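Engineer: Below is one structure. I have some questions about it.
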Amino acid sequence: MITTQPHTTSYYAASRNDLTEHPVLQGEQTADVCVIGAGFTGISTALHLAERGYKVHVVEANKVGWGASGRNGGQMIGGISGEDKMAQSLGPEGEKILWDMRWAGHQIIRERVNTYHIDCDLKNGYVDVAIKPRHLRAMQDEMDYLEKHNYPFEYTMLSAEQTRDAIGTDAYIGALQNMGNGHLHPLNLCLGEARAAVSLGVTIYEQSPVLTIEPGSKAKVVTADGSVTADFVVLAGNAYHYIEPKMRGLLLPVSSFIMATAPLPDTIVQQINPQDLAVCDPNYILEYFRLSADKRLLFGGRCNYYGSDPEIIKRHLMPRMLKIYPQLAGVPVDYGWGGTIGVTVNRVPQMGRIAPNIFYSQGYSGHGVNVTHLAGQIMAETIAGTFERFDVFANIKPVRLPGQHLFAQQMVALGMMFYKLRDKL
C-alpha cells in the first residue's frame, strides 16, 4: 500500500506562505496533458503549458513541493551539470546553445516572480569558494567564459582577504563572486508557481500516488481513486519516481541535509555575511550555506546517512559549520532536515520518452532550482511540437546501473567514498 506524507519538518515548511489543499484525484478525468509530480519540473511544465492554452492536470503523490523542490538549499546557480559531455555531442554550435540554456532557468524564475507576484525572498548574490589552487584555476576559466560571452551581471575574483571580508571566514583561499546567481525560498517559489498555474486553469491533485500508466494513443494515468486520460503525459518525479520500470537504474538517489540556526543577531550577520550571499564550495561532497530572510544560517551538505532524524542531521552538520564559523558555537539550531536528489552517472540531466506521447525529465545532479525551470519550458515546447532543445538531452544516452533499485544505498555509499578521496587530491 502506498502511503502519502506531509511536508518534512523543515524551516521552509514552517515558513511557507500557504498550505495547499488541492483535492485527491477521484473519478475519470481528461486533459490535454497529465503531469506526474508537483515539484519544480512538474509545476514549471504545467505553467508553461497553461500559458500556451493547454488543459493540464497535475497529479502529486504528496503535496506541492514535497520533494527536493521544497527542501533544497535555495541556491539559484547557473549552469547545467554535465555541460562538458553535452558540448562534445553538439559540435560547433554547442557553445552558444549551452550558454543560452545555462541561464534560462534564472530568467524564467525572475519572470515568474515578477509576473505572478511570488513572494519567495529572491535575492541576487553568490560566491563559489576555493579550497585548493586547482579550484582557483577553474574559477579563472569561468571568469574567462563569462567575459567571452559578455555576461551582463557583475562578477569578480576575490582574494583570500576579500573572501574573508565577504563571508567572514578564513576557510577559503579565494572565491568567484557572481551577482547574476542568487538564492530564494524554494518551497514558496514552488507554491507561488502552483498558484499561478491554477489561476490559468491547471488542476492539481494532491495525496494521489500514481499506480500505473496505461500507454496508448491517449495515455491513462491511474491512481487508487481515479484516473486522467490525456494526449500527453510528463513524468516529473525525479528522485522520488518509482512508477515506470523502464526507468529503473537511470538515477542514483543521493541524500542531502540542511540545518537552520535560530535567527542571528545583526552583529553576527555583519561578521559572517554582510552582503547576503549564497555560498557553495567546489567539492563533490560539498557544503553550501546562506542566510534566510529572517537571518538564520542555512547550512547544508551531503552525508552518508539515510534517515530523517533532525537531531542526527544536526550532529552531522554542526562540526562542519563550526569549522567555518567557530563564532557560532552555542547558537541554537532550530531545524534539521534532509531529502533526496537525483544524480545521473554522467551528470547530464535526462530528458526522453518511454512512448511516443509519454515524456520524462529528471536527474539534475544538484542544479535543480535553475535546470528544472528550463526543463519545464523544454517539456512544454516539446509537447507543442518543437524538439530542438529536447533533442540536445535526449540524444545523450543515459548510463543505466543494473540493480540500482535494489542496492541504491550501497552504490551511493561507495560513490561517496570515491569522491571524498577525489576531494582530497
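Residues are named by chain letter and number: chains run A, B, ... in the order of the C-alpha cells, numbers start at 1 in each chain, and ligands are numbered from 1 in the order shown.
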Write out as a ChimeraX atom specification the residues lying within 7 Å of stretch 10-14 of chain A, counting only C-alpha atoms and excluding same-chain residues fewer than 2 positions away.

Structural biologist: /A:7-8,16,71,185,187,260,335-337

Engineer: With only C-alpha atoms as the counted atoms, please give the residues lying no more than 7 Å from A:Tyr360, apart from itself and same-chain residues fewer than 4 positions off, as a PyMOL selection string.

Structural biologist: chain A and resi 234-236+351-353

Engineer: From a DSSP pass on the backbone, collect the residues of stretch 38-91 of chain A flagged as helix (DSSP H, G or I) and hand them back as a ChimeraX atom specification.

Structural biologist: /A:40-51,68-70,83-91

Engineer: Ranking A:Leu47, A:Phe387, A:Ser81, A:Thr372 by minimum distance to A:Gly237 and counting only C-alpha atoms, which one comes first?

Structural biologist: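 Of A:Leu47, A:Phe387, A:Ser81, A:Thr372, the one nearest A:Gly237, counting only C-alpha atoms, is A:Thr372.
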
Engineer: Taking into account only C-alpha atoms, which residue in the set A:Pro310, A:Gly180, A:Pro349, A:Gly330 is nearest to A:Leu251?

Structural biologist: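 Selected residue with least distance to A:Leu251: A:Pro349.
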
Engineer: Show me, as CSV, the residues of stretch 104-177 of chain A having an atom within 6 Å of stretch 267-278 of chain A, each with the closest atom pair and its distance in Å, using only C-alpha atoms.

Structural biologist:
```
residue,atom,partner,partner_atom,distance
A:Gly125,CA,A:Leu277,CA,4.8
A:Tyr126,CA,A:Ala278,CA,4.5
A:Ile167,CA,A:Asn273,CA,4.6
A:Gly168,CA,A:Ile272,CA,4.1
```

Engineer: Produce a file of the selected residues containing C-alpha atoms, as an mmCIF file, in the first residue's frame.

Structural biologist:
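Printed below is out_12.cif as written:
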```cif
data_model
loop_
_atom_site.group_PDB
_atom_site.id
_atom_site.type_symbol
_atom_site.label_atom_id
_atom_site.label_comp_id
_atom_site.auth_asym_id
_atom_site.auth_seq_id
_atom_site.Cartn_x
_atom_site.Cartn_y
_atom_site.Cartn_z
ATOM 1 C CA GLY A 125 24.460 37.361 -4.978
ATOM 2 C CA TYR A 126 26.502 34.165 -4.848
ATOM 3 C CA ILE A 167 31.746 35.844 4.173
ATOM 4 C CA GLY A 168 33.606 36.169 7.468
#
```

Engineer: Skipping near chain neighbours, those fewer than 5 positions away, what residues fall within 12 Å of stretch 105-115 of chain A using only C-alpha atoms, listed as a count of residues only?

Structural biologist: 51

Engineer: Let me make sure I understand: among A:Glu381, A:Asp32, A:Glu244, A:Glu388, which one has the smallest atom-to-atom distance to A:Val202 if we use only C-alpha atoms?

Structural biologist: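 Looking only at the distances to A:Val202, the closest residue turns out to be A:Asp32.
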
Engineer: Would you mind reading off the distance between atom CA of A:Arg248 and atom CA of A:Thr344, one decimal, in Å?

Structural biologist: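 Value for the atom CA of A:Arg248-atom CA of A:Thr344 distance: 12.0 Å.
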
Engineer: Tell me, in Å to one decimal, how far atom CA of A:Thr261 is from atom CA of A:Asn62.

Structural biologist: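 Computed distance, atom CA of A:Thr261 to atom CA of A:Asn62, equals 27.2 Å.
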
Engineer: Show which residues sit within 9 Å of A:Ile204, as a compact mmCIF listing (two decimals) with C-alpha atoms, in the first residue's frame. Count only C-alpha atoms, and ignore same-chain residues fewer than 6 positions away.

Structural biologist:
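Everything below was put into result-v4.txt:
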```txt
# COMPACT_ATOMS: atom_id res chain seq x y z
CA HIS A 22 -5.78 20.52 -3.57
CA PRO A 23 -8.25 17.63 -3.87
CA VAL A 24 -7.49 13.94 -4.20
CA LEU A 25 -7.91 12.64 -7.75
CA ALA A 38 4.17 18.72 -8.44
CA VAL A 56 -3.35 20.40 -17.81
CA HIS A 57 -3.88 18.15 -14.80
CA VAL A 58 -1.03 17.63 -12.30
CA VAL A 59 -1.08 14.51 -10.12
CA GLU A 60 1.07 14.59 -6.96
CA VAL A 64 3.06 20.57 -3.94
CA ALA A 194 1.44 26.39 -8.49
CA ALA A 197 -0.78 27.65 -12.78
CA VAL A 198 -4.15 27.17 -11.08
```

Engineer: Between A:Glu21, A:Pro215, A:Phe257, A:Thr229, which one has atoms that come closest to A:Asp309, using only C-alpha atoms?

Structural biologist: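 Among the listed residues, A:Phe257 lies closest to A:Asp309.
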
Engineer: As JSON, numbers by chain, list the residues of stretch 181-294 of chain A assigned to strand (DSSP E) by DSSP on the backbone atoms of this structure.

Structural biologist: {"A": [181, 182, 183, 203, 204, 205, 210, 211, 212, 213, 214, 219, 220, 221, 222, 223, 226, 227, 228, 229, 230, 231, 232, 233, 234, 235, 252, 253, 254, 255, 256, 257, 258, 259, 260, 261, 278, 279, 280, 287, 288, 289, 290, 291]}

Engineer: Enter the distance from atom CA of A:Ser69 to atom CA of A:Gly385, in Å, rounded to one decimal.

Structural biologist: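 Going from atom CA of A:Ser69 over to atom CA of A:Gly385, I get 27.3 Å.
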
Engineer: Write out as a list in words each polymer residue whose atoms come within 6 Å of stretch 169-175 of chain A, counting only C-alpha atoms; drop sequence neighbours fewer than 4 positions from it.

Structural biologist: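 The residues that qualify are Asp128, Val129, Ala130, Ile131, Met157, Leu158, Ser159, Ala160, Thr163, Arg164 and Ile324 of chain A.
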
Engineer: Go through A:Gln5, A:Gly301, A:Thr382, A:Gly27 one by one, measure the shortest atom-to-atom distance of each to A:Pro319 using only C-alpha atoms, and give the residue with the smallest value.

Structural biologist: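 Once distances to A:Pro319 are computed over only C-alpha atoms, the minimum belongs to A:Gly301.
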